[in-house]
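Student: Sharing a structure here in structure tokens format.
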Protein chains: 2
Amino acid sequence: MATLEDLGVSAAINILSAFAFLLAFALLRIQPINDRVYFPKWYISGGRSNPRSSGNFVGKFVNLNFKTYLTFLNWMPQALRMSETEIINHAGLDSAVFLRIYTLGLKMFIPMSIVALLILIPVNVSSGTLFFLRKELVVSDIDKLSISNVPPKSLRFFFHIGLEYMFTIWICFLLYKEYDNIALMRLHFLASQRRRVEQFTVVVRNVPHISGHSVSDSVDGFFQTNHPDHYIGHQAVYNANRFAKFVRKRDRFQNWLDYYRLKFQRNPDTRPTMKMVLERQKIIKDPKSILPVAFLSFNSRWGASVCAQTQQSKNPTLWLTDWAPEPRDIYWRNLAIPFVSLTIRKLIITLSVFALVFFYMIPIAFVQSLANLDGLERVAPFLRPVIELKFIKSFLQGFLPGLALKIFLYILPTVLMIMSKIEGYIALSTLERKTSAKYYYFMLVNVFLGSIITGTAFEQLHAFLHQSPTQIPRTIGVSIPMKATFFMTYIMVDGWAGIAGEILRLKPLVIYHLKNVFIVKTERDRGKAMDPGSVDYPETLPSLQLYFLLGIVYAVVTPILLPFILVFFAFAYLVYRHQIINVYNQQYESAAAFWPQVHSRIIASLIISQLLLLGLLSTKKAARSTPLLVLLPILTFAFHKYCKNRFEPAFRKYPVEEAMSKDILEKTTEPDLNIKAYLADSYLHPILRSFEVEEEELVELETVEVRVDKLQTHQVASQTRSESSSPSPPHDVHHHQPSPPHHHVHQHQPSPPHYNDYPLPPEYYYHHTSPPHYNYQYQDQP
Amino acid sequence: MATLEDLGVSAAINILSAFAFLLAFALLRIQPINDRVYFPKWYISGGRSNPRSSGNFVGKFVNLNFKTYLTFLNWMPQALRMSETEIINHAGLDSAVFLRIYTLGLKMFIPMSIVALLILIPVNVSSGTLFFLRKELVVSDIDKLSISNVPPKSLRFFFHIGLEYMFTIWICFLLYKEYDNIALMRLHFLASQRRRVEQFTVVVRNVPHISGHSVSDSVDGFFQTNHPDHYIGHQAVYNANRFAKFVRKRDRFQNWLDYYRLKFQRNPDTRPTMKMVLERQKIIKDPKSILPVAFLSFNSRWGASVCAQTQQSKNPTLWLTDWAPEPRDIYWRNLAIPFVSLTIRKLIITLSVFALVFFYMIPIAFVQSLANLDGLERVAPFLRPVIELKFIKSFLQGFLPGLALKIFLYILPTVLMIMSKIEGYIALSTLERKTSAKYYYFMLVNVFLGSIITGTAFEQLHAFLHQSPTQIPRTIGVSIPMKATFFMTYIMVDGWAGIAGEILRLKPLVIYHLKNVFIVKTERDRGKAMDPGSVDYPETLPSLQLYFLLGIVYAVVTPILLPFILVFFAFAYLVYRHQIINVYNQQYESAAAFWPQVHSRIIASLIISQLLLLGLLSTKKAARSTPLLVLLPILTFAFHKYCKNRFEPAFRKYPVEEAMSKDILEKTTEPDLNIKAYLADSYLHPILRSFEVEEEELVELETVEVRVDKLQTHQVASQTRSESSSPSPPHDVHHHQPSPPHHHVHQHQPSPPHYNDYPLPPEYYYHHTSPPHYNYQYQDQP
């Protein structure tokens, strides 16, 4: 077992590395050359186009203003300056609510720490029983501060039970307030949004094949019949797999762009772009490449809301309607999965996640066993001389287990994301939420339970095998407080040093400078080399939830763990606030759709803590006090049910009242609005669209180059333009009446150049309250 | 343990009593005097108004046609003669689907019995190991036919596992076909129904209180705004508690009707009816007696379907809309329960059901322990001389345990129904389904698991306490086949004799004749004295599900139990078919809404049987074969999920396509239909309405009497009529435009007399495909 000394060494290492990261960050961030690494958000939102520099040539790369070096920690107050409303406008509601989780943690654990430390530490320390325990169970100093130190049958357990009740009430109170608040924020955010395409769009899956009718015909027929007053048309979804082959080819050519750019000018017919144009047209014209999925357009939010929420067909596996995710949130590959396949996929993935969660345990158990060096020495005596070195011993015991676990968990989110994709969800936000849920189960079983049970299993395997099985719950109960030191180390490695590493952004820094040296030619390239990243929900939410779990479980058992968690929450709050303001650029906006999950997990943590305390106390023979605890999980669960009924529909549905009031408002303010034109092409597959944009971009690049070369600019430009406009934009919106031509405006205006990772019609951005994130409109500076 | 001989005695007793019941039934049913007890359905449906009698005076009471006595079992072929379609028309879809459960049982168990008996009995018998078992476990002859007889590690277990796979596939196949069939039947049934008020009506609960507005105003305001094209008005719900006091008073007077009838004529002002009229008017006029609940009327099925399926308000606890149940299906008391209260009620009831299910076990365990007379003798040696009498011993062992259990369960459904009512469901059909679910849990834990575990716990308590705990699952595994005899007895008592008792209808018979002697004055009274009853779903569905469970669990373990179940299914099918055709009169029509529950329970039985077999084989050290079974529960569960997704929405939702197609059809066939008038007053509280009817009835009775007395008939009749019409019918439908007066037609036409237990507007019956069940229109025969 780790001693207090080991813990001290670990704390020192982690605090030092955290400080080293912070120092490095503080120095690197004020260098103009790194400006795009540490402030990309401002470039994207249009708040900055050039690094602030001190004028001369060297000053463009290195910060020469030495005064700024003295105030190198001033990012912290800066990060706190922005108000929540400003953050919502700047980075969206998701980010603002994500930060609220940290403040919730602080609000929850600050009073809990004070109460628990003031009351329980004296109660526990003055009890002093651990000296009487069997010698095989090695006891650390931390344990003397914990509930383990209270003798069996003691009346002092009433303190612990009373506090568990108090804490439960306090946490439920905070959770209720928070849920209420966030639900209101969400509704307010949705209500204050300007017109958005997804408000008028419903996705329909499993369109049945009716012989003699194309998919488009049957979709139109069905919805014209059943939603006659509101349905105005639909956008087909194309199977772009064949086309994707060409796109992959194009991507391979991306780095050779310069070379091809020259070559094309000489020999324009061999451009892969031409082939792609043909292929693209083939896809759009071939009725077989239309998938049995469509995005339905409605003339009012009310009509869309009604269609999304009702069951359409007698056969509940056909004509499945649901809200369309916003266009940049769609995961296109999954749109075409048929219904039967979904059930099978879900089964397979559930089994796989189960296997992953439970059999991943074996290697972790091995890593955990290293935590007990005495055990290791016994297994491998030849290592003794190395291990016995004082420093190495402390290092291994304090640092290794947490770090090894962290590395171990590194590839996991990717695997889980692939699993979620196989399950068939059609929105990126849903995929991230589902991945996060899987990751949480993994952490719960392997990090939390695995560390408690397997860790002790290695230590006490002998004892286990020779005890009668009724002894097992007792041993587990005893080992919960014993694992406090392991979790403290874990919090320091994962929480403290990990968060400091997050702010340093070492990987994006290196990649940006590499790209800057080898690839970047224009300012636009520099913009592309920038990797703002985003809050990584699949990973951060489960770890956050794990910290809540640890805090809640140990609050009563080993309260000395709480300050570690407090430091984590405070520090991570600062760091993420800074990152959200200056760095991250969210890929989608789900309007805090993840909150119900966070809420449920904290409730689950509460129930786990209550059950574990129940198990622990039953080993302490506290027969008088223990029955008092039985009611608590039931009440907590009832509270959860109530919150779920009360608030969750606000996160899952779009009320008719809301839709109607916005429709009425719009009708009075913009009576002449042409919804059909507004929705046109908003849900075109990005491969088909990005090609459109790409094509223009080529035109644009050529124009730029040509201009630089001082050749007959206008002639070439107009020539290439006439080529690129020859593949006429697809009329994929099948309207009842011949619709007015809905070509994008920018297709006919070669400047300004328009780079777009998540291509959307300009109207989409236009009516967006938050700044147009993905609309990197850099001014070219030739 | 019961021996084969005990079982024989029990079988003899039960078969004899079943035959006695059948014989009594056969004799009683052909007596004209009992005609209304055994054929009430025909009186209600209008197919019969007088008993078929042989003419003379005695023949009116006793059947003198001796030929009919010879064919006293001819009800059986008669019961089979009606086709399923005819049954649907005659008794509704619920009854038809209820019968299909029995045929499903037959289809399932006939091939299973044949296969299991042919394969497993030889396999088991030829193994012969039970002689080597420890002597403490007393072994019966039945066990030699069961899996207990196969020695550990035997390769013969592959037969059992193979059969379990075969049976699972067979059952899943049948279930899939049946679900598909019933879903189609339901859709066809709903589609073929003529216009019904509930198709146009949505119930809204938790209408928020807006100060300065009455409930009616806010309902109109909200739905006129949010469903402008389809909402046409609503019907308020009145708090009739104060009124109910008067109604109770009236009910007390009911038996003194004759007395009052004379008194009223002399002194009409003291009639309680007059007070009631005033009180009724007070309720309807007082805005405070309007509850925050309303029945919304829509001008199309589409509009109602949309409103029922969507979320209305930003606050998901307000404006809760759902399909209105049909008027006769509404449980009025629960309409006013507010949202917060519902969560608490649910919690309390869940805990109570849990307590009931698990602590009811203690008395049952005591009853069960009687099954082992050897144990009883050891506990109470003074009883030995009595018990040792051969016949008493067999009787006690064979008959008592099942019977005691049955009596024990007698009051339970009432308690569970009260619990469901407290939970707050607003439809009788839902209440019955929820009660049936609670009852099933009770039966599963107490009858099934309780008999297996507690029964053996009493026998093997000593062994348990002195064994290491790993021995427990083994002992349970062994005891499953040992309990086969108990369940055979149970099936005979509950299934065979119980069903024969059902057809005899002893209680309604006695009550009818008592009423006939003491109360009945007119033919109408005779109609009221008739108690047709209905299929008692809360009790019959769980027992049916228990039989499925027993059959599926024992199919592989002790196949000799299957013929007992087969006899039950066949016999019960005949009896219920007869009862549904001739006796029962369903209170509501839910269009087979209970089927998904039945399906789930059979699936659950499958999974239980697989897990139990797994446990049983693990005690047999069949290490090679057991792992083969692990996959089966997972696959079964996946099948269940698939069926749920595929079929269940057909039972829970009303697709937009369906609504629209019926709307269109109606618009073309009946373009002038006045929906508003059609819906008027359809959802008036039955207490308020039944009074209206009652009042008329009084008028009617007086008219009849007066006519008999040859007094100035017309004068009195018109006088009382003018009184009764003074409380003008309530205008509870708050329409936007002044609506045309929608008084019931029959209110202004004193004849024909109209008695109505479930009062509905005449239109309701008019457009009902099945005969108007509750419209007892008897011709008065003065």
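Note on naming: chains are A, B, ... as they come in the structure tokens, residues start from 1 per chain, ligands start from 1 in the order shown.
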Can you pull out every residue within 8 Å of Met660 in chain A, counting only C-alpha atoms, but drop anything in the same chain fewer than 3 positions away, and send it as a PyMOL selection string?
Tutor: (chain A and resi 301-302+656-657+663-664) or (chain B and resi 225-226)
Student: So that I can check the surroundings of Ser305 in chain A, please list as a PyMOL selection string every protein, DNA and RNA residue that reaches within 12 Å of it, counting only C-alpha atoms and ignoring chain neighbours fewer than 2 positions away.
Tutor: (chain A and resi 198-203+227+230-231+296-303+307-310+321-324+653-660+662-663) or (chain B and resi 226+306-307+309-312)
Student: I want to know what sits within 9 Å of His599 in chain A, based on only C-alpha atoms, with residues of the same chain fewer than 3 positions away left out; could you give that as a PyMOL selection string?
Tutor: chain A and resi 175+179+594-596+602-604+640
Student: Between CA of Arg526 in chain B and CA of Tyr512 in chain B, measure the distance and give it in Å to one decimal.
Tutor: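 Value for the CA of Arg526 in chain B-CA of Tyr512 in chain B distance: 8.6 Å.
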Student: Do you have the CA of Lys177 in chain A-CA of Ile552 in chain A distance handy?
Tutor: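 CA of Ile552 in chain A lies at a distance of 18.3 Å from CA of Lys177 in chain A.
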Student: Rounded to one decimal, what separation in Å do you get between CA of Pro338 in chain A and CA of Pro292 in chain A?
Tutor: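 According to the coordinates, CA of Pro338 in chain A and CA of Pro292 in chain A are separated by 8.8 Å.
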Student: Closest to chain B among A:Val510, A:Leu679, A:Leu347, A:Ala427, using only C-alpha atoms?
Tutor: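 Of all the options, A:Leu347 lies closest to chain B.
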Student: Give me the residues within 10 Å of Gln597 in chain A as a PyMOL selection string, counting only C-alpha atoms and dropping any in the same chain fewer than 4 places off.
Tutor: chain A and resi 433-434+436-437+541+545+593+601-603+648
Student: Just write the chosen residues, N, CA, C and O atoms, as a tab-separated table (two decimals), in the first residue's frame.
Tutor:
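Contents of the output file out38.tsv:
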chain	number	residue	atom	x	y	z
A	433	ARG	N	-22.75	11.38	-27.71
A	433	ARG	CA	-23.41	11.07	-26.44
A	433	ARG	C	-23.37	9.57	-26.15
A	433	ARG	O	-23.12	9.14	-25.04
A	434	LYS	N	-23.62	8.76	-27.20
A	434	LYS	CA	-23.64	7.32	-26.99
A	434	LYS	C	-22.25	6.80	-26.67
A	434	LYS	O	-22.08	5.89	-25.85
A	436	SER	N	-19.97	8.49	-25.21
A	436	SER	CA	-19.70	8.91	-23.85
A	436	SER	C	-20.34	7.97	-22.84
A	436	SER	O	-19.74	7.64	-21.81
A	437	ALA	N	-21.56	7.50	-23.16
A	437	ALA	CA	-22.22	6.56	-22.24
A	437	ALA	C	-21.42	5.26	-22.14
A	437	ALA	O	-21.18	4.74	-21.05
A	541	LEU	N	-16.74	14.08	-20.65
A	541	LEU	CA	-17.94	13.87	-19.83
A	541	LEU	C	-17.80	12.65	-18.93
A	541	LEU	O	-18.06	12.75	-17.73
A	545	GLN	N	-17.81	12.68	-14.89
A	545	GLN	CA	-18.77	11.88	-14.13
A	545	GLN	C	-18.06	10.96	-13.14
A	545	GLN	O	-18.54	10.72	-12.03
A	593	ALA	N	-27.86	19.06	-25.18
A	593	ALA	CA	-28.59	17.78	-25.20
A	593	ALA	C	-27.92	16.74	-24.31
A	593	ALA	O	-28.53	15.73	-23.98
A	601	ARG	N	-26.11	10.41	-14.44
A	601	ARG	CA	-24.89	9.80	-13.92
A	601	ARG	C	-24.60	10.25	-12.49
A	601	ARG	O	-24.12	9.47	-11.67
A	602	ILE	N	-24.87	11.52	-12.20
A	602	ILE	CA	-24.62	11.99	-10.83
A	602	ILE	C	-25.59	11.31	-9.87
A	602	ILE	O	-25.20	10.90	-8.78
A	603	ILE	N	-26.82	11.15	-10.32
A	603	ILE	CA	-27.79	10.42	-9.49
A	603	ILE	C	-27.31	8.98	-9.28
A	603	ILE	O	-27.35	8.45	-8.16
A	648	GLU	N	-36.90	16.23	-18.72
A	648	GLU	CA	-36.27	15.62	-19.90
A	648	GLU	C	-36.98	15.91	-21.21
A	648	GLU	O	-36.32	16.10	-22.22
Student: Which residues are near range 102-105 of chain A? Cut-off 12 Å, only C-alpha atoms, ignore same chain within fewer than 4 positions. Put them as a ChimeraX atom specification.
Tutor: /A:84,95-98,109-113,170-179,181-182,540-541,543-552,562-563,565-577,598-599,602
